[in-house]
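Asker: My questions will all concern the structure given below.
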Amino acid sequence: MRMVVFSDLHAPFYDDRALHLVLKFCQWYKPQIVIIDGDLIDFYAISKFDKSPARATPEAFKVEVDTAYGILQAIRKTNPKAKIILIVGNHEFRWRKWLYAKKIQDPIYAEAQKIAKVEEVTLTRLLRLKELDIQLVDLNPDIAKFTDNYIKIGNLYIGHWDRVNKHAAYTAKNLLIDKGVNGLQAHTHRIGTHIKTTLGGTLEFHEIGCLCSLEPHYTAKQDWAHGFAVVEGDRNFEHFTVHVIHIRDYEFRYCKKTFKG
């Protein structure tokens with residue numbers, strides 16, 4: 001079984017070349033499962049943080065949604081037979097927080113209603129996930145503050161965990177200690193691995209990098225890295241191997257094959 005996991009595109013602030021490389025890899029690799037591990041879309045326009053007025057308009061919001069949908073279309077087109085899963089990250093969760101707080105009083109909600117062509121705009125409808133046959137892994141509707149969101153596949157927990165430590169692999173280490181499971185972490189935008197052997201066996205946790213711009217205009221240069229994960233295992237992923245791929249200068253190698261973009 002073959003699975004590809006990537007995250008943190010933050011549309012419309014994604015890196016087109018990095019995404020193209022991953023899709024190029026998928027076209028060659030033909031994974032049975034593709035997981036978008038949160039923060040596909042930034043939802044900058046509805047963020048509670050200080051932001052540029054020009055990017056907090058209904059028009060800017062529409063650009064975000066249209067860009068995210070275009071990315072989803074490209075992912076589905078490249079992986080026509082794969083099971084595709086979108087895990088809600090903290091940025092997708094912004095939609096719920098904003099919706100609960102603002103709802104119809106905000107003009108952006110009216111724009112969202114136009115895009116989704118429905119009265120109640122859910123994330124599934126907004127991004128047209130059913131149309132693309134993409135499964136959404138969301139938090140319980142009663143949860144109003146983002147927390148760990150994950151999916152368990154075999155003996156591997158893949159999630160957008162609500163934890164970021166300062167240096168690469170520190171988050172992986174602390175999640176492994178706290179959760180006591182094998183896992184993949186998005187959210188940090190960094191790449192790192194922590195492996196620990198206990199009396200009960202060996203556990204591993206990986207930070208898988210990001211596919212957003214490494215120099216976004218809304219913040220100073222960050223300690224981020226482009227990357228994604230390839231997971232190979234038995235039929236149920238009870239036994240597996242994780243390959244964390246670092247995309248360095250839009251290039252990486254896998255199985256003696258070089259991918260450039």
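To be explicit about the labels: the chains of the structure tokens are called A, B, and onward in the order shown, and within each one the residues are counted from 1, while ligands get numbers from 1 in the order they are shown.
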Between region 144-204 of chain A and region 211-231 of chain A, at 12 Å or less, what are the per-residue closest atom pairs and their distances in Å? Count only C-alpha atoms, order by chain and rising residue number, and return it as a tab-separated table.
Answerer:
```
residue	atom	partner	partner_atom	distance
A:Ile153	CA	A:Val231	CA	10.8
A:Gly154	CA	A:Val231	CA	11.5
A:Asn155	CA	A:Val231	CA	11.7
A:Leu156	CA	A:Val231	CA	9.7
A:Tyr157	CA	A:Val231	CA	11.9
A:Ile158	CA	A:Ala229	CA	10.6
A:Asn165	CA	A:Asp223	CA	11.8
A:Lys166	CA	A:Asp223	CA	9.3
A:His167	CA	A:Asp223	CA	8.3
A:Ala168	CA	A:Asp223	CA	8.5
A:Gly183	CA	A:Val231	CA	11.2
A:Leu184	CA	A:Ala229	CA	8.5
A:Gln185	CA	A:Ala229	CA	10.1
A:Ala186	CA	A:Phe228	CA	9.2
A:His187	CA	A:Trp224	CA	10.6
A:Thr188	CA	A:Trp224	CA	7.9
A:His189	CA	A:Trp224	CA	5.1
A:Arg190	CA	A:Trp224	CA	5.0
A:Ile191	CA	A:Ala225	CA	6.5
A:Gly192	CA	A:Ala225	CA	10.0
A:Thr193	CA	A:Ala229	CA	11.5
```
Asker: Emit the selected residues as a PDB file, in the first residue's frame, including N, CA and C atoms.
Answerer:
```
ATOM      1  N   ILE A 153      -4.651   5.532  10.690  1.00  0.00           N
ATOM      2  CA  ILE A 153      -4.597   4.559   9.608  1.00  0.00           C
ATOM      3  C   ILE A 153      -3.607   3.478  10.026  1.00  0.00           C
ATOM      4  N   GLY A 154      -4.128   2.317  10.333  1.00  0.00           N
ATOM      5  CA  GLY A 154      -3.285   1.252  10.851  1.00  0.00           C
ATOM      6  C   GLY A 154      -2.678   1.661  12.180  1.00  0.00           C
ATOM      7  N   ASN A 155      -1.375   1.591  12.279  1.00  0.00           N
ATOM      8  CA  ASN A 155      -0.674   1.983  13.506  1.00  0.00           C
ATOM      9  C   ASN A 155      -0.027   3.357  13.390  1.00  0.00           C
ATOM     10  N   LEU A 156      -0.583   4.183  12.505  1.00  0.00           N
ATOM     11  CA  LEU A 156      -0.036   5.519  12.286  1.00  0.00           C
ATOM     12  C   LEU A 156      -1.129   6.560  12.466  1.00  0.00           C
ATOM     13  N   TYR A 157      -0.836   7.565  13.299  1.00  0.00           N
ATOM     14  CA  TYR A 157      -1.762   8.666  13.515  1.00  0.00           C
ATOM     15  C   TYR A 157      -1.275   9.867  12.698  1.00  0.00           C
ATOM     16  N   ILE A 158      -2.131  10.311  11.774  1.00  0.00           N
ATOM     17  CA  ILE A 158      -1.774  11.413  10.879  1.00  0.00           C
ATOM     18  C   ILE A 158      -2.631  12.611  11.260  1.00  0.00           C
ATOM     19  N   ASN A 165       6.657  23.570  18.566  1.00  0.00           N
ATOM     20  CA  ASN A 165       7.820  23.955  19.363  1.00  0.00           C
ATOM     21  C   ASN A 165       8.828  24.684  18.486  1.00  0.00           C
ATOM     22  N   LYS A 166       9.817  25.266  19.102  1.00  0.00           N
ATOM     23  CA  LYS A 166      10.661  26.230  18.398  1.00  0.00           C
ATOM     24  C   LYS A 166      11.499  25.637  17.272  1.00  0.00           C
ATOM     25  N   HIS A 167      12.088  24.464  17.472  1.00  0.00           N
ATOM     26  CA  HIS A 167      13.030  23.924  16.499  1.00  0.00           C
ATOM     27  C   HIS A 167      12.477  22.666  15.823  1.00  0.00           C
ATOM     28  N   ALA A 168      12.994  22.387  14.628  1.00  0.00           N
ATOM     29  CA  ALA A 168      12.599  21.189  13.894  1.00  0.00           C
ATOM     30  C   ALA A 168      12.851  19.950  14.740  1.00  0.00           C
ATOM     31  N   GLY A 183       3.319   8.781  14.627  1.00  0.00           N
ATOM     32  CA  GLY A 183       2.504   9.831  14.030  1.00  0.00           C
ATOM     33  C   GLY A 183       3.227  10.713  13.037  1.00  0.00           C
ATOM     34  N   LEU A 184       2.417  11.447  12.279  1.00  0.00           N
ATOM     35  CA  LEU A 184       2.884  12.493  11.383  1.00  0.00           C
ATOM     36  C   LEU A 184       2.270  13.803  11.846  1.00  0.00           C
ATOM     37  N   GLN A 185       3.073  14.858  11.815  1.00  0.00           N
ATOM     38  CA  GLN A 185       2.609  16.179  12.218  1.00  0.00           C
ATOM     39  C   GLN A 185       2.792  17.171  11.079  1.00  0.00           C
ATOM     40  N   ALA A 186       1.701  17.890  10.770  1.00  0.00           N
ATOM     41  CA  ALA A 186       1.766  19.044   9.866  1.00  0.00           C
ATOM     42  C   ALA A 186       2.020  20.266  10.746  1.00  0.00           C
ATOM     43  N   HIS A 187       1.517  21.423  10.369  1.00  0.00           N
ATOM     44  CA  HIS A 187       1.388  22.582  11.253  1.00  0.00           C
ATOM     45  C   HIS A 187       2.695  23.329  11.552  1.00  0.00           C
ATOM     46  N   THR A 188       3.822  22.636  11.730  1.00  0.00           N
ATOM     47  CA  THR A 188       5.057  23.329  12.116  1.00  0.00           C
ATOM     48  C   THR A 188       5.767  23.955  10.929  1.00  0.00           C
ATOM     49  N   HIS A 189       5.476  23.479   9.704  1.00  0.00           N
ATOM     50  CA  HIS A 189       6.154  23.917   8.476  1.00  0.00           C
ATOM     51  C   HIS A 189       7.630  23.493   8.467  1.00  0.00           C
ATOM     52  N   ARG A 190       8.011  22.629   9.373  1.00  0.00           N
ATOM     53  CA  ARG A 190       9.396  22.176   9.462  1.00  0.00           C
ATOM     54  C   ARG A 190       9.478  20.680   9.185  1.00  0.00           C
ATOM     55  N   ILE A 191      10.700  20.188   9.039  1.00  0.00           N
ATOM     56  CA  ILE A 191      10.928  18.760   8.814  1.00  0.00           C
ATOM     57  C   ILE A 191      11.801  18.227   9.944  1.00  0.00           C
ATOM     58  N   GLY A 192      11.371  17.146  10.554  1.00  0.00           N
ATOM     59  CA  GLY A 192      12.155  16.550  11.627  1.00  0.00           C
ATOM     60  C   GLY A 192      11.577  15.217  12.043  1.00  0.00           C
ATOM     61  N   THR A 193      12.409  14.375  12.603  1.00  0.00           N
ATOM     62  CA  THR A 193      12.006  13.032  13.022  1.00  0.00           C
ATOM     63  C   THR A 193      12.517  12.747  14.422  1.00  0.00           C
TER      64      THR A 193
END
```
Asker: Contacts of Leu40 (chain A) at 7 Å or less, counting only C-alpha atoms, minus same-chain residues fewer than 3 places along, as a count of residues only?
Answerer: 6
Asker: Pull the closest atom pair for each residue of region 127-192 of chain A that gets at most 12 Å from region 103-120 of chain A, along with the distance in Å to one decimal, counting only C-alpha atoms, ordering rows by chain and then ascending residue number, as a tab-separated table.
Answerer:
```
residue	atom	partner	partner_atom	distance
A:Leu127	CA	A:Ala116	CA	7.9
A:Arg128	CA	A:Ala116	CA	7.7
A:Leu129	CA	A:Ala116	CA	11.1
A:Glu131	CA	A:Ala116	CA	11.8
```
Asker: Output N, CA and C atoms for every residue in the selection just made, as a CSV table (one decimal), in the first residue's frame.
Answerer:
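part_5.csv was written with the following content:
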```
chain,number,residue,atom,x,y,z
A,127,LEU,N,-15.9,24.3,-0.3
A,127,LEU,CA,-14.8,23.8,-1.1
A,127,LEU,C,-15.2,22.7,-2.1
A,128,ARG,N,-16.5,22.4,-2.2
A,128,ARG,CA,-17.1,21.5,-3.1
A,128,ARG,C,-16.5,20.1,-3.0
A,129,LEU,N,-16.3,19.6,-1.8
A,129,LEU,CA,-15.6,18.3,-1.6
A,129,LEU,C,-16.3,17.1,-2.1
A,131,GLU,N,-18.3,17.0,-4.7
A,131,GLU,CA,-18.1,17.0,-6.2
A,131,GLU,C,-16.8,16.3,-6.6
```
Asker: Which polymer residues have any atom within 10 Å of an atom of Phe252 (chain A), counting only C-alpha atoms, with same-chain residues fewer than 4 positions away left out, as an NGL selection string?
Answerer: :A and (21 or 25 or 227 or 245-248 or 257-261)
Asker: Applying 10 Å and only C-alpha atoms, which residues near Asp66 (chain A) remain after dropping the ones on its own chain fewer than 4 positions away? List them as a list in words.
Answerer: Ala11, Pro12, Ile41, Ala60, Phe61, Lys62, Gly70, Ile71, Leu72, Ile115, Leu126 and Leu127 of chain A
Asker: Hey, can you spit out that residue selection with C-alpha atoms as a PDB file, in the first residue's frame?
Answerer:
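What follows is the written file selection.pdb:
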```pdb
ATOM      1  CA  ALA A  11      -3.873  28.952  -0.404  1.00  0.00           C
ATOM      2  CA  PRO A  12      -3.539  31.499  -1.905  1.00  0.00           C
ATOM      3  CA  ILE A  41      -6.556  27.192   2.683  1.00  0.00           C
ATOM      4  CA  ALA A  60     -10.065  38.559  -1.622  1.00  0.00           C
ATOM      5  CA  PHE A  61     -12.024  35.857   0.183  1.00  0.00           C
ATOM      6  CA  LYS A  62     -13.361  34.557  -3.133  1.00  0.00           C
ATOM      7  CA  GLY A  70      -8.400  24.735  -8.051  1.00  0.00           C
ATOM      8  CA  ILE A  71      -5.716  22.963  -6.007  1.00  0.00           C
ATOM      9  CA  LEU A  72      -8.200  20.266  -4.994  1.00  0.00           C
ATOM     10  CA  ILE A 115     -20.050  30.681  -3.948  1.00  0.00           C
ATOM     11  CA  LEU A 126     -17.601  25.874   0.300  1.00  0.00           C
ATOM     12  CA  LEU A 127     -14.767  23.753  -1.127  1.00  0.00           C
TER      13      LEU A 127
END
```
Asker: Residues of region 56-218 of chain A in alpha helix (DSSP H) according to DSSP, as number ranges by chain?
Answerer: A: 58-78, 93-101, 107-116, 123-126, 170-179
Asker: Go ahead and save the residues from that selection, with N, CA and C atoms, as a short mmCIF file (atom, residue, chain, number, x, y, z; two decimals), in the first residue's frame.
Answerer:
```cif
data_model
loop_
_atom_site.label_atom_id
_atom_site.label_comp_id
_atom_site.auth_asym_id
_atom_site.auth_seq_id
_atom_site.Cartn_x
_atom_site.Cartn_y
_atom_site.Cartn_z
N PRO A 58 -14.58 40.78 0.51
CA PRO A 58 -15.27 39.64 -0.12
C PRO A 58 -14.55 39.14 -1.38
N GLU A 59 -13.97 40.07 -2.14
CA GLU A 59 -13.26 39.69 -3.36
C GLU A 59 -12.02 38.86 -3.04
N ALA A 60 -11.26 39.29 -2.03
CA ALA A 60 -10.07 38.56 -1.62
C ALA A 60 -10.44 37.18 -1.07
N PHE A 61 -11.55 37.13 -0.35
CA PHE A 61 -12.02 35.86 0.18
C PHE A 61 -12.35 34.89 -0.95
N LYS A 62 -13.00 35.41 -1.99
CA LYS A 62 -13.36 34.56 -3.13
C LYS A 62 -12.11 34.01 -3.82
N VAL A 63 -11.07 34.83 -3.90
CA VAL A 63 -9.81 34.37 -4.51
C VAL A 63 -9.23 33.21 -3.70
N GLU A 64 -9.29 33.33 -2.37
CA GLU A 64 -8.79 32.24 -1.52
C GLU A 64 -9.53 30.94 -1.79
N VAL A 65 -10.85 31.01 -1.79
CA VAL A 65 -11.67 29.81 -1.97
C VAL A 65 -11.47 29.23 -3.37
N ASP A 66 -11.48 30.08 -4.38
CA ASP A 66 -11.30 29.60 -5.75
C ASP A 66 -9.92 28.96 -5.94
N THR A 67 -8.90 29.53 -5.30
CA THR A 67 -7.55 28.97 -5.40
C THR A 67 -7.49 27.61 -4.75
N ALA A 68 -8.08 27.48 -3.56
CA ALA A 68 -8.09 26.20 -2.85
C ALA A 68 -8.84 25.14 -3.65
N TYR A 69 -9.96 25.53 -4.23
CA TYR A 69 -10.73 24.58 -5.04
C TYR A 69 -9.94 24.15 -6.27
N GLY A 70 -9.23 25.08 -6.89
CA GLY A 70 -8.40 24.73 -8.05
C GLY A 70 -7.31 23.74 -7.68
N ILE A 71 -6.74 23.91 -6.49
CA ILE A 71 -5.72 22.96 -6.01
C ILE A 71 -6.34 21.59 -5.81
N LEU A 72 -7.51 21.54 -5.20
CA LEU A 72 -8.20 20.27 -4.99
C LEU A 72 -8.52 19.58 -6.32
N GLN A 73 -8.92 20.36 -7.30
CA GLN A 73 -9.17 19.80 -8.63
C GLN A 73 -7.91 19.17 -9.21
N ALA A 74 -6.78 19.86 -9.05
CA ALA A 74 -5.51 19.34 -9.57
C ALA A 74 -5.10 18.06 -8.85
N ILE A 75 -5.34 18.02 -7.54
CA ILE A 75 -5.01 16.83 -6.76
C ILE A 75 -5.86 15.65 -7.21
N ARG A 76 -7.16 15.90 -7.40
CA ARG A 76 -8.05 14.82 -7.86
C ARG A 76 -7.70 14.37 -9.27
N LYS A 77 -7.40 15.30 -10.15
CA LYS A 77 -7.05 14.95 -11.53
C LYS A 77 -5.79 14.11 -11.58
N THR A 78 -4.83 14.40 -10.72
CA THR A 78 -3.57 13.67 -10.70
C THR A 78 -3.74 12.29 -10.05
N PHE A 93 -10.18 25.64 10.41
CA PHE A 93 -11.02 25.82 11.59
C PHE A 93 -11.41 27.28 11.77
N ARG A 94 -10.64 28.17 11.14
CA ARG A 94 -11.01 29.59 11.19
C ARG A 94 -12.42 29.81 10.66
N TRP A 95 -12.82 28.98 9.70
CA TRP A 95 -14.16 29.15 9.12
C TRP A 95 -15.22 28.93 10.19
N ARG A 96 -15.05 27.87 10.98
CA ARG A 96 -16.04 27.59 12.03
C ARG A 96 -16.06 28.71 13.06
N LYS A 97 -14.87 29.14 13.50
CA LYS A 97 -14.80 30.19 14.50
C LYS A 97 -15.45 31.47 14.00
N TRP A 98 -15.15 31.83 12.76
CA TRP A 98 -15.71 33.05 12.18
C TRP A 98 -17.21 32.91 12.01
N LEU A 99 -17.63 31.72 11.55
CA LEU A 99 -19.05 31.48 11.31
C LEU A 99 -19.84 31.56 12.61
N TYR A 100 -19.30 30.96 13.64
CA TYR A 100 -19.99 30.99 14.93
C TYR A 100 -20.07 32.42 15.47
N ALA A 101 -19.03 33.22 15.23
CA ALA A 101 -18.98 34.56 15.80
C ALA A 101 -19.74 35.59 14.98
N PRO A 107 -20.41 40.77 5.61
CA PRO A 107 -20.63 40.68 4.16
C PRO A 107 -19.88 39.54 3.50
N ILE A 108 -18.78 39.08 4.09
CA ILE A 108 -18.05 37.96 3.49
C ILE A 108 -18.90 36.70 3.53
N TYR A 109 -19.76 36.58 4.55
CA TYR A 109 -20.62 35.40 4.62
C TYR A 109 -21.59 35.38 3.44
N ALA A 110 -22.07 36.55 3.05
CA ALA A 110 -22.96 36.63 1.89
C ALA A 110 -22.22 36.18 0.63
N GLU A 111 -20.95 36.54 0.52
CA GLU A 111 -20.15 36.10 -0.62
C GLU A 111 -19.97 34.59 -0.59
N ALA A 112 -19.76 34.05 0.59
CA ALA A 112 -19.61 32.60 0.73
C ALA A 112 -20.90 31.88 0.33
N GLN A 113 -22.03 32.46 0.67
CA GLN A 113 -23.32 31.87 0.28
C GLN A 113 -23.47 31.85 -1.23
N LYS A 114 -22.99 32.91 -1.89
CA LYS A 114 -23.05 32.95 -3.36
C LYS A 114 -22.18 31.86 -3.97
N ILE A 115 -20.97 31.68 -3.41
CA ILE A 115 -20.05 30.68 -3.95
C ILE A 115 -20.63 29.28 -3.78
N ALA A 116 -21.10 28.98 -2.58
CA ALA A 116 -21.60 27.63 -2.28
C ALA A 116 -23.03 27.41 -2.79
N LEU A 123 -17.96 23.88 5.37
CA LEU A 123 -16.66 23.78 4.71
C LEU A 123 -16.73 22.82 3.53
N THR A 124 -17.49 21.74 3.68
CA THR A 124 -17.65 20.77 2.59
C THR A 124 -18.29 21.42 1.38
N ARG A 125 -19.29 22.24 1.60
CA ARG A 125 -19.97 22.92 0.48
C ARG A 125 -19.10 24.02 -0.11
N LEU A 126 -18.42 24.76 0.76
CA LEU A 126 -17.60 25.87 0.30
C LEU A 126 -16.50 25.40 -0.64
N TYR A 170 11.57 19.07 17.47
CA TYR A 170 11.17 19.23 18.87
C TYR A 170 9.68 18.90 19.05
N THR A 171 8.88 19.36 18.09
CA THR A 171 7.45 19.07 18.16
C THR A 171 7.22 17.57 18.03
N ALA A 172 7.91 16.94 17.09
CA ALA A 172 7.78 15.49 16.91
C ALA A 172 8.14 14.75 18.20
N LYS A 173 9.23 15.18 18.83
CA LYS A 173 9.66 14.55 20.07
C LYS A 173 8.60 14.68 21.16
N ASN A 174 8.09 15.88 21.35
CA ASN A 174 7.13 16.10 22.43
C ASN A 174 5.78 15.44 22.16
N LEU A 175 5.38 15.39 20.89
CA LEU A 175 4.14 14.68 20.57
C LEU A 175 4.29 13.19 20.83
N LEU A 176 5.43 12.64 20.47
CA LEU A 176 5.66 11.21 20.72
C LEU A 176 5.59 10.92 22.22
N ILE A 177 6.23 11.79 23.01
CA ILE A 177 6.22 11.59 24.46
C ILE A 177 4.80 11.72 25.02
N ASP A 178 4.08 12.75 24.56
CA ASP A 178 2.74 13.02 25.10
C ASP A 178 1.70 12.00 24.65
N LYS A 179 1.75 11.63 23.38
CA LYS A 179 0.71 10.77 22.82
C LYS A 179 1.06 9.29 22.90
#
```
Asker: Measuring between only C-alpha atoms, which one of A:Asn79, A:Lys51, A:Asp39, A:Ile208 shows the shortest distance to Leu23 (chain A)?
Answerer: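 Under the stated criterion, the closest residue is A:Asn79.
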Asker: I'd like the interatomic distance between CA of Phe13 (chain A) and CA of Arg253 (chain A), to a tenth of an Å.
Answerer: 25.4 Å
Asker: Could you please write out, as a PyMOL selection string, every residue of region 153-236 of chain A that DSSP assigns to strand (DSSP E)?
Answerer: chain A and resi 153+156-160+183-185+191-198+201-208+227-233
Asker: Would you please work out which residue, of A:Ser47, A:Gln27, A:Asn90, A:Thr198, is nearest to His160 (chain A) when using only C-alpha atoms?
Answerer: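 Smallest separation from His160 (chain A) among the options: A:Asn90.
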Asker: Determine, counting only C-alpha atoms, which protein, DNA and RNA residues have an atom within 12 Å of an atom of Val137 (chain A); residues of the same chain fewer than 4 positions away are not included. Present the result as a compact mmCIF listing (two decimals) with C-alpha atoms, in the first residue's frame.
Answerer:
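Contents of result.txt, as written:
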```txt
# COMPACT_ATOMS: atom_id res chain seq x y z
CA ILE A 35 -3.96 12.92 2.67
CA ILE A 36 -4.00 16.71 2.81
CA ASP A 37 -3.02 17.15 6.44
CA GLY A 38 -4.60 20.50 7.16
CA ILE A 84 -8.34 11.57 -0.89
CA ILE A 85 -8.76 12.89 2.65
CA LEU A 86 -8.67 16.50 3.84
CA ILE A 87 -7.94 16.88 7.56
CA VAL A 88 -9.19 20.15 9.03
CA GLY A 89 -6.26 22.20 10.29
CA GLU A 92 -9.71 25.60 8.04
CA PHE A 93 -11.02 25.82 11.59
CA LEU A 123 -16.66 23.78 4.71
CA THR A 124 -17.65 20.77 2.59
CA LEU A 129 -15.59 18.35 -1.58
CA PRO A 141 -19.40 20.42 15.89
CA ASP A 148 -5.71 18.11 17.88
CA ASN A 149 -7.33 16.79 14.71
CA TYR A 150 -6.14 13.50 13.29
CA ILE A 151 -6.97 10.26 11.56
CA LYS A 152 -5.69 6.79 12.47
CA ILE A 158 -1.77 11.41 10.88
CA GLY A 159 -2.81 14.80 12.15
CA HIS A 160 -2.74 18.53 12.41
```
Asker: Just checking: using only C-alpha atoms, which residue out of A:Thr241, A:Glu207, A:Asp42, A:Trp28 ends up closest to Arg55 (chain A)?
Answerer: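 For Arg55 (chain A), the nearest of the candidates is A:Asp42.
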Asker: Could you tell me how far CA of Glu232 (chain A) sits from CA of Val244 (chain A), in Å to one decimal place?
Answerer: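 Separation of CA of Val244 (chain A) and CA of Glu232 (chain A): 11.4 Å.
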Asker: When you draw a straight line from CA of Ile46 (chain A) to CA of Thr147 (chain A), how long is it in Å?
Answerer: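 Taking CA of Ile46 (chain A) and CA of Thr147 (chain A), their separation equals 18.9 Å.
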Asker: Identify, on the basis of only C-alpha atoms, every residue whose closest approach to Glu204 (chain A) does not exceed 6 Å; exclude the query and any residue fewer than 5 positions from it along the same chain; express the result as number ranges by chain.
Answerer: A: 182, 194-195
